[in-house]
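J.: Sharing a structure, written as structure tokens. Questions coming.
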Amino acid sequence: MSSTEDSPMTSAETKKPNYYLIWFLLFVLTMVEVGLAYVSALPRNFLILILLALALWKATLVAMYYMHLKYERLRLILVATAPIPLAIILVLGILLEYAQ
Amino acid sequence: MAIAATVGEHHDEQSFIRRYIFSTDHKIIGIQFLFTSLVFLLVGGVMALLIRWQLAYPGQAVPGGDPVSPKFYNSLVTMHGTVMVFFAVMPLLVGVYSNYLIPLKLGAPDMAFPRLNMLSFWIFVSAGIVAMASLWVEGGAAGAGWTAYPPLSGAPRYSGVSLGQQMWIISVLLFGASSLLGSVNYITTVINMRAPGMTLFRMPLSIWSLFITAILALLAVPVLAAAVIMLLFDQTLGTTFFLPADGGQPLLWQHLFWFFGHPEVYILILPAMGIVSDIIANGSRKPVFGYHSMVYAIITIAFLGWIVWGHHMFQSGMNPLLGTTFMISTMAIAIPSAIKVFNWLGTIWRGNIRFHTPMLFAVGFVALFTVGGLSGIFMASSSVDIFIHDTYFIVAHIHYVLFGGSLMAAFAAIYFWFPKMFGKMMNEKWGAIHFLLTFISYNLAFFPMHLLGMGGHMRRIADPTMYEFLQPLQPLNRFITISVFLLFVAQLPFVVNLFWSLFRGKKAPLNPWDDNGLEWTVPSPAPHGNFAVTPTVYRGPYEFSNPLVEEDYWPQNAPPNGREGKAATIGAES
Amino acid sequence: MSQSTNEAVVMTGGVSAEPGMRVYNQKLGMWVFLASEVMFFTGLIGAYIILRFGTDAWALPGIPLEEGGTPLAIQLTALNTFLLICSSVTMVKAFAAIEHGDQKGLRLFLVLTVLLGATFVGVQVFEYIQLAHEGFLPRCAEELAAVVPNCNLFGSTFYTMTGFHGTHVSIGVLCLIWVTVKAFRGAYSRENHGGVEVVGLYWHFVDLVWIILFTIVYLI
């Protein structure tokens, strides 16, 4: 029923991030994002790039720390991230339609 | 965590309904998929007969009925494709054999999530019911092709079909949900529930292919789901995803659909390839030639399969530069497939061949799949495709890989695992007759379609005689129709054999084919819980004619006999 | 259901399986499922990106509605985004609590997560009602379509993406309620709390998708 071997605690169980620190980081990033969106002085492409980067940063924080991926084995990380290249291929491939 | 299913446990007290209708036993679920998909195979086959009748004798009344109207013809080609792809071939290969074989061949007592498994089957049934019901609603069944391109599929004013098209979408969504649940089960089980010693590179190729197929389905089907949801909203909520009037893009649908659609065709063929590998090794009494390269070929096909989708869209008006990149990747994907064909030949070469019925179908698969693959190379060239796109050349290709490929492998699988499923043997003589009649009538029916296509005969047209340039091809159309009718009749020995053997077949021994898989170490039919104690695996799955043992096979879980050295067993993991 | 991440699944007769992923079945199954969910949202979000890329004008934030600016309530949704992020924190705190066998902490944080999640859904529904009043729908009202560029396309993509996300959140809330009820019945312990971890993974995923959605639908 339970573990048949007397195994040492893995890194997944010992390392614990500071969840409140991540929370604060996410809060700050969200504020920055909303603020930037209202600054019409920025060139449009630059704004889009920055906002996307910030969003991806926040998403990565949630995935790595709240979903614990930073402390999981590589195999599980592969399972979790496998769709990402496909998503990129799909969107880029179709966007190329407009590239003349 | 313990899965407390031991052989002959408390499940004996379960009612008939819990045991055979709402069963969580993967074997029962596999058998449920088997009978359900055979029924849909029949439905799809009848639709094909009606299509062929109309093509050979346009406008003439179907014997005992009315003529096929152009609108009904559109529904026929749509539903024939839909039923065959989603409700016949996919469940026959994936639904049946992923469910039945994965736990048995890996030494597990059942799937990782047995109740989700049961849910997956019943959602599949509901999908089928919705699809069939759509034939009777006002406006008729969906009529925009199984590929449902908008704007035709997006608005009733174009297709004449309203509710039917929406029901088509609902049934596809339900099917997608069923497929998703299945994939989660298969992937988790293969990763986490292999018997000790069953390393990944000791798994049979049938399991490898079903595993990779599950990953393809997991990641491709959701994109289809997203696309059909948007189509449904266009039809019902007035959204503008694909309808050009308000900024929608019809081409977007094609990209989304084929991004799913191409991995889908590999979902349809990879299990067939894996099953055929198992059966050819068994029939040749030899290990699979190049087992590792077979695995890498499956993985490569799966990888490349994600970047070839545009070859379905060469003539859509897409960006030609993009078309070129798709052409290159499509040509490339022929290579791993060819590797597999050569490895099958290498397996058979100088084998001690047993011509049992599964072997006949497996070898037939290799021949016919090769033909289908060769026609694919023509289509891969975007410039050649200008002439053959949307013609019967494509229809020939599709059917060579789907019927000559997937379905032949499905037949091989049915004959091969029937003894383990039902504890009875099917009749060998009638199996051989089924194979011969099918092989001959199949080629008579579908090979001429290449010629039709090169002659310019378009797809999905209800009356070819409307076009003057097609009229000289009518004799070919009639020849094909007659052959298709013969092909349909050729399935009769199979059906009779199947049902007769269920009740009156010879009792099957534990291991009628002298095979190495773990499933042949348990009684026939396999008992609930599968293994009294989880077996330990000592070698790869294809230890046939190994000089270290007396018999010409060496089951995966037979204990070592002390004569093995480091390099003794072929197919052992590195 | 065990949480020890280096334990193989135990099969018939007490025999352990090959190590595999070294993660218990339910957790592996949830990650596999989430991979498919990524593809689902890719389809919807990808369609939005592509459709919008093909337009020459879009309703942007910071511009009044009458001048063709966004009809969406950015500040309210920013607050909502923050609430959802808070719910992720309470969720992971609930999991951390039961990892130490802290039943009280588990229950408290689970209840907070449910409340925050339900609030998120409530605010979204409220926003939908407001937008519908203004005429912003999957097919925009004529007066609005005259002012907001590509209003129909905006409406189509907006409601589909946020609607499906909202549905996922709602299902998550229902699952969370179920887990919370079980927690109050003492179903979880330090040794056995896989249900909390697995529902937590789903919940964080839903938050993650929203982080992306909020940025590309509301802010860009």
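Naming scheme: A, B, ... for chains in displayed order of the structure tokens; residues 1 onward per chain; ligands 1 onward as shown.
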So which residues of region 52-286 of chain B fall under alpha helix (DSSP H) by DSSP, listed as a ChimeraX atom specification?

T.: /B:52-56,70-82,90,96-106,114-133,156-159,163-192,205-236,250-284

J.: Determine, for each residue of chain B having at least one atom at most 9 Å from an atom of chain A, the closest pair of atoms and their separation in Å to one decimal, counting only C-alpha atoms; order by chain and ascending number, as JSON lines.

T.:
{"residue": "B:Met1", "atom": "CA", "partner": "A:Met1", "partner_atom": "CA", "distance": 5.2}
{"residue": "B:Ala2", "atom": "CA", "partner": "A:Met1", "partner_atom": "CA", "distance": 5.1}
{"residue": "B:Ile3", "atom": "CA", "partner": "A:Met1", "partner_atom": "CA", "distance": 8.7}
{"residue": "B:Leu219", "atom": "CA", "partner": "A:Pro83", "partner_atom": "CA", "distance": 6.9}
{"residue": "B:Leu252", "atom": "CA", "partner": "A:Ile94", "partner_atom": "CA", "distance": 7.5}
{"residue": "B:His255", "atom": "CA", "partner": "A:Ile94", "partner_atom": "CA", "distance": 6.8}
{"residue": "B:Leu256", "atom": "CA", "partner": "A:Leu90", "partner_atom": "CA", "distance": 8.0}
{"residue": "B:Phe259", "atom": "CA", "partner": "A:Leu90", "partner_atom": "CA", "distance": 7.2}
{"residue": "B:Trp306", "atom": "CA", "partner": "A:Leu86", "partner_atom": "CA", "distance": 7.4}
{"residue": "B:Ile307", "atom": "CA", "partner": "A:Ile89", "partner_atom": "CA", "distance": 7.7}
{"residue": "B:Met318", "atom": "CA", "partner": "A:Glu97", "partner_atom": "CA", "distance": 6.4}
{"residue": "B:Asn319", "atom": "CA", "partner": "A:Glu97", "partner_atom": "CA", "distance": 5.3}
{"residue": "B:Pro320", "atom": "CA", "partner": "A:Glu97", "partner_atom": "CA", "distance": 8.9}
{"residue": "B:Leu321", "atom": "CA", "partner": "A:Gln100", "partner_atom": "CA", "distance": 8.7}
{"residue": "B:Leu322", "atom": "CA", "partner": "A:Leu96", "partner_atom": "CA", "distance": 6.9}

J.: Generate the output file for the selected residues, N, CA and C atoms, as an mmCIF file, in the first residue's frame.

T.:
data_model
loop_
_atom_site.group_PDB
_atom_site.id
_atom_site.type_symbol
_atom_site.label_atom_id
_atom_site.label_comp_id
_atom_site.auth_asym_id
_atom_site.auth_seq_id
_atom_site.Cartn_x
_atom_site.Cartn_y
_atom_site.Cartn_z
ATOM 1 N N MET B 1 0.692 3.061 -4.228
ATOM 2 C CA MET B 1 -0.757 2.902 -4.214
ATOM 3 C C MET B 1 -1.127 1.536 -4.718
ATOM 4 N N ALA B 2 -2.050 0.906 -4.090
ATOM 5 C CA ALA B 2 -2.385 -0.468 -4.445
ATOM 6 C C ALA B 2 -3.612 -0.506 -5.321
ATOM 7 N N ILE B 3 -3.561 -1.285 -6.357
ATOM 8 C CA ILE B 3 -4.746 -1.560 -7.153
ATOM 9 C C ILE B 3 -5.154 -2.957 -6.800
ATOM 10 N N LEU B 219 -2.872 15.732 -28.084
ATOM 11 C CA LEU B 219 -2.495 17.102 -28.424
ATOM 12 C C LEU B 219 -3.187 17.630 -29.672
ATOM 13 N N LEU B 252 -8.577 30.069 -42.126
ATOM 14 C CA LEU B 252 -8.209 29.761 -40.737
ATOM 15 C C LEU B 252 -8.753 28.405 -40.333
ATOM 16 N N HIS B 255 -6.581 25.651 -41.754
ATOM 17 C CA HIS B 255 -5.345 25.476 -40.991
ATOM 18 C C HIS B 255 -5.600 24.743 -39.693
ATOM 19 N N LEU B 256 -6.624 25.190 -38.944
ATOM 20 C CA LEU B 256 -6.923 24.549 -37.660
ATOM 21 C C LEU B 256 -7.323 23.097 -37.860
ATOM 22 N N PHE B 259 -4.335 21.044 -38.956
ATOM 23 C CA PHE B 259 -3.355 20.907 -37.881
ATOM 24 C C PHE B 259 -3.733 19.714 -37.012
ATOM 25 N N TRP B 306 3.457 16.816 -37.241
ATOM 26 C CA TRP B 306 2.917 18.102 -36.813
ATOM 27 C C TRP B 306 3.222 19.231 -37.792
ATOM 28 N N ILE B 307 4.173 19.020 -38.700
ATOM 29 C CA ILE B 307 4.579 20.143 -39.553
ATOM 30 C C ILE B 307 4.341 19.874 -41.031
ATOM 31 N N MET B 318 -3.197 29.356 -50.317
ATOM 32 C CA MET B 318 -2.284 29.712 -49.236
ATOM 33 C C MET B 318 -0.985 30.288 -49.803
ATOM 34 N N ASN B 319 -0.226 30.906 -48.950
ATOM 35 C CA ASN B 319 1.059 31.485 -49.308
ATOM 36 C C ASN B 319 1.969 30.406 -49.907
ATOM 37 N N PRO B 320 2.446 30.586 -51.139
ATOM 38 C CA PRO B 320 3.245 29.543 -51.804
ATOM 39 C C PRO B 320 4.556 29.227 -51.089
ATOM 40 N N LEU B 321 5.128 30.217 -50.422
ATOM 41 C CA LEU B 321 6.361 29.956 -49.688
ATOM 42 C C LEU B 321 6.098 28.959 -48.578
ATOM 43 N N LEU B 322 4.991 29.201 -47.879
ATOM 44 C CA LEU B 322 4.583 28.267 -46.833
ATOM 45 C C LEU B 322 4.357 26.887 -47.442
#

J.: Please report as a ChimeraX atom specification which residues of chain A come no farther than 7 Å from chain C, using only C-alpha atoms.

T.: /A:3,19,23,27,34,37-38,48,51,55,59,62,66-67,75,79-80,83,87,91,95

J.: Those same residues - C-alpha atoms - I'd like them written as an mmCIF file, in the first residue's frame.

T.:
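Resulting contents of result_27.cif:
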data_model
loop_
_atom_site.group_PDB
_atom_site.id
_atom_site.type_symbol
_atom_site.label_atom_id
_atom_site.label_comp_id
_atom_site.auth_asym_id
_atom_site.auth_seq_id
_atom_site.Cartn_x
_atom_site.Cartn_y
_atom_site.Cartn_z
ATOM 1 C CA SER A 3 6.353 2.750 -0.192
ATOM 2 C CA TYR A 19 4.714 31.572 -1.850
ATOM 3 C CA TRP A 23 2.499 36.496 -4.860
ATOM 4 C CA PHE A 27 1.052 41.594 -8.031
ATOM 5 C CA VAL A 34 -1.886 47.531 -16.561
ATOM 6 C CA ALA A 37 -1.210 49.453 -21.324
ATOM 7 C CA TYR A 38 -2.375 52.995 -20.652
ATOM 8 C CA ILE A 48 3.047 44.300 -27.360
ATOM 9 C CA LEU A 51 3.304 42.967 -22.313
ATOM 10 C CA ALA A 55 2.570 37.777 -19.137
ATOM 11 C CA ALA A 59 2.779 32.370 -16.217
ATOM 12 C CA VAL A 62 2.878 30.146 -11.506
ATOM 13 C CA TYR A 66 2.759 27.067 -7.556
ATOM 14 C CA MET A 67 2.565 24.048 -9.821
ATOM 15 C CA ARG A 75 10.332 13.802 -17.445
ATOM 16 C CA VAL A 79 5.090 16.237 -20.287
ATOM 17 C CA ALA A 80 4.010 19.678 -19.106
ATOM 18 C CA PRO A 83 2.473 21.283 -26.135
ATOM 19 C CA ALA A 87 1.351 25.870 -29.999
ATOM 20 C CA VAL A 91 0.283 30.141 -34.516
ATOM 21 C CA LEU A 95 0.608 33.845 -39.307
#

J.: Within 7 Å of region 406-410 of chain B, counting only C-alpha atoms, which residues qualify if same-chain residues fewer than 5 places away don't, as a PyMOL selection string?

T.: chain B and resi 89+92-93+268-269+272+275-276+361-362+365+401

J.: Determine the nearest neighbour of chain B from the options C:Pro19, C:Pro64, C:Gly186, C:Pro149, counting only C-alpha atoms.

T.: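 Of C:Pro19, C:Pro64, C:Gly186, C:Pro149, the one nearest chain B is C:Pro19, counting only C-alpha atoms.
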
J.: CA of Met426 (chain B) and CA of Ile102 (chain B) are how many Å apart?

T.: 22.8 Å

J.: Might you pull out every residue within 9 Å of region 338-352 of chain B, with only C-alpha atoms counted and same-chain residues fewer than 4 positions away left off, and present them as an MDAnalysis selection string?

T.: chainID B and resid 273 276:277 280:281 283:291 293:294 297:298 333:334 363 366:367 369:370 373 545

J.: Let me see the file: selected residues, C-alpha atoms, as a short mmCIF file (atom, residue, chain, number, x, y, z; two decimals), in the first residue's frame.

T.:
data_model
loop_
_atom_site.label_atom_id
_atom_site.label_comp_id
_atom_site.auth_asym_id
_atom_site.auth_seq_id
_atom_site.Cartn_x
_atom_site.Cartn_y
_atom_site.Cartn_z
CA MET B 273 1.83 -0.48 -38.09
CA VAL B 276 1.40 -5.59 -37.96
CA SER B 277 4.95 -5.61 -36.56
CA ILE B 280 4.70 -10.39 -38.77
CA ALA B 281 7.34 -11.26 -36.20
CA GLY B 283 4.25 -15.28 -38.43
CA SER B 284 7.90 -15.23 -39.52
CA ARG B 285 9.17 -16.76 -36.26
CA LYS B 286 11.83 -14.04 -36.26
CA PRO B 287 12.49 -10.91 -34.24
CA VAL B 288 11.37 -7.67 -35.84
CA PHE B 289 14.22 -6.47 -38.04
CA GLY B 290 15.59 -3.28 -36.56
CA TYR B 291 13.37 -2.99 -33.47
CA SER B 293 14.80 1.88 -35.66
CA MET B 294 11.14 0.89 -35.73
CA ALA B 297 10.60 5.69 -36.96
CA ILE B 298 7.31 5.80 -35.06
CA ILE B 333 8.04 11.98 -43.65
CA ALA B 334 8.10 9.29 -46.30
CA VAL B 363 1.49 -9.07 -45.21
CA VAL B 366 2.51 -4.13 -46.08
CA ALA B 367 1.76 -4.47 -49.78
CA PHE B 369 0.15 0.43 -47.45
CA THR B 370 3.20 0.65 -49.71
CA GLY B 373 2.47 5.53 -49.50
CA SER B 545 13.96 -18.77 -33.01
#
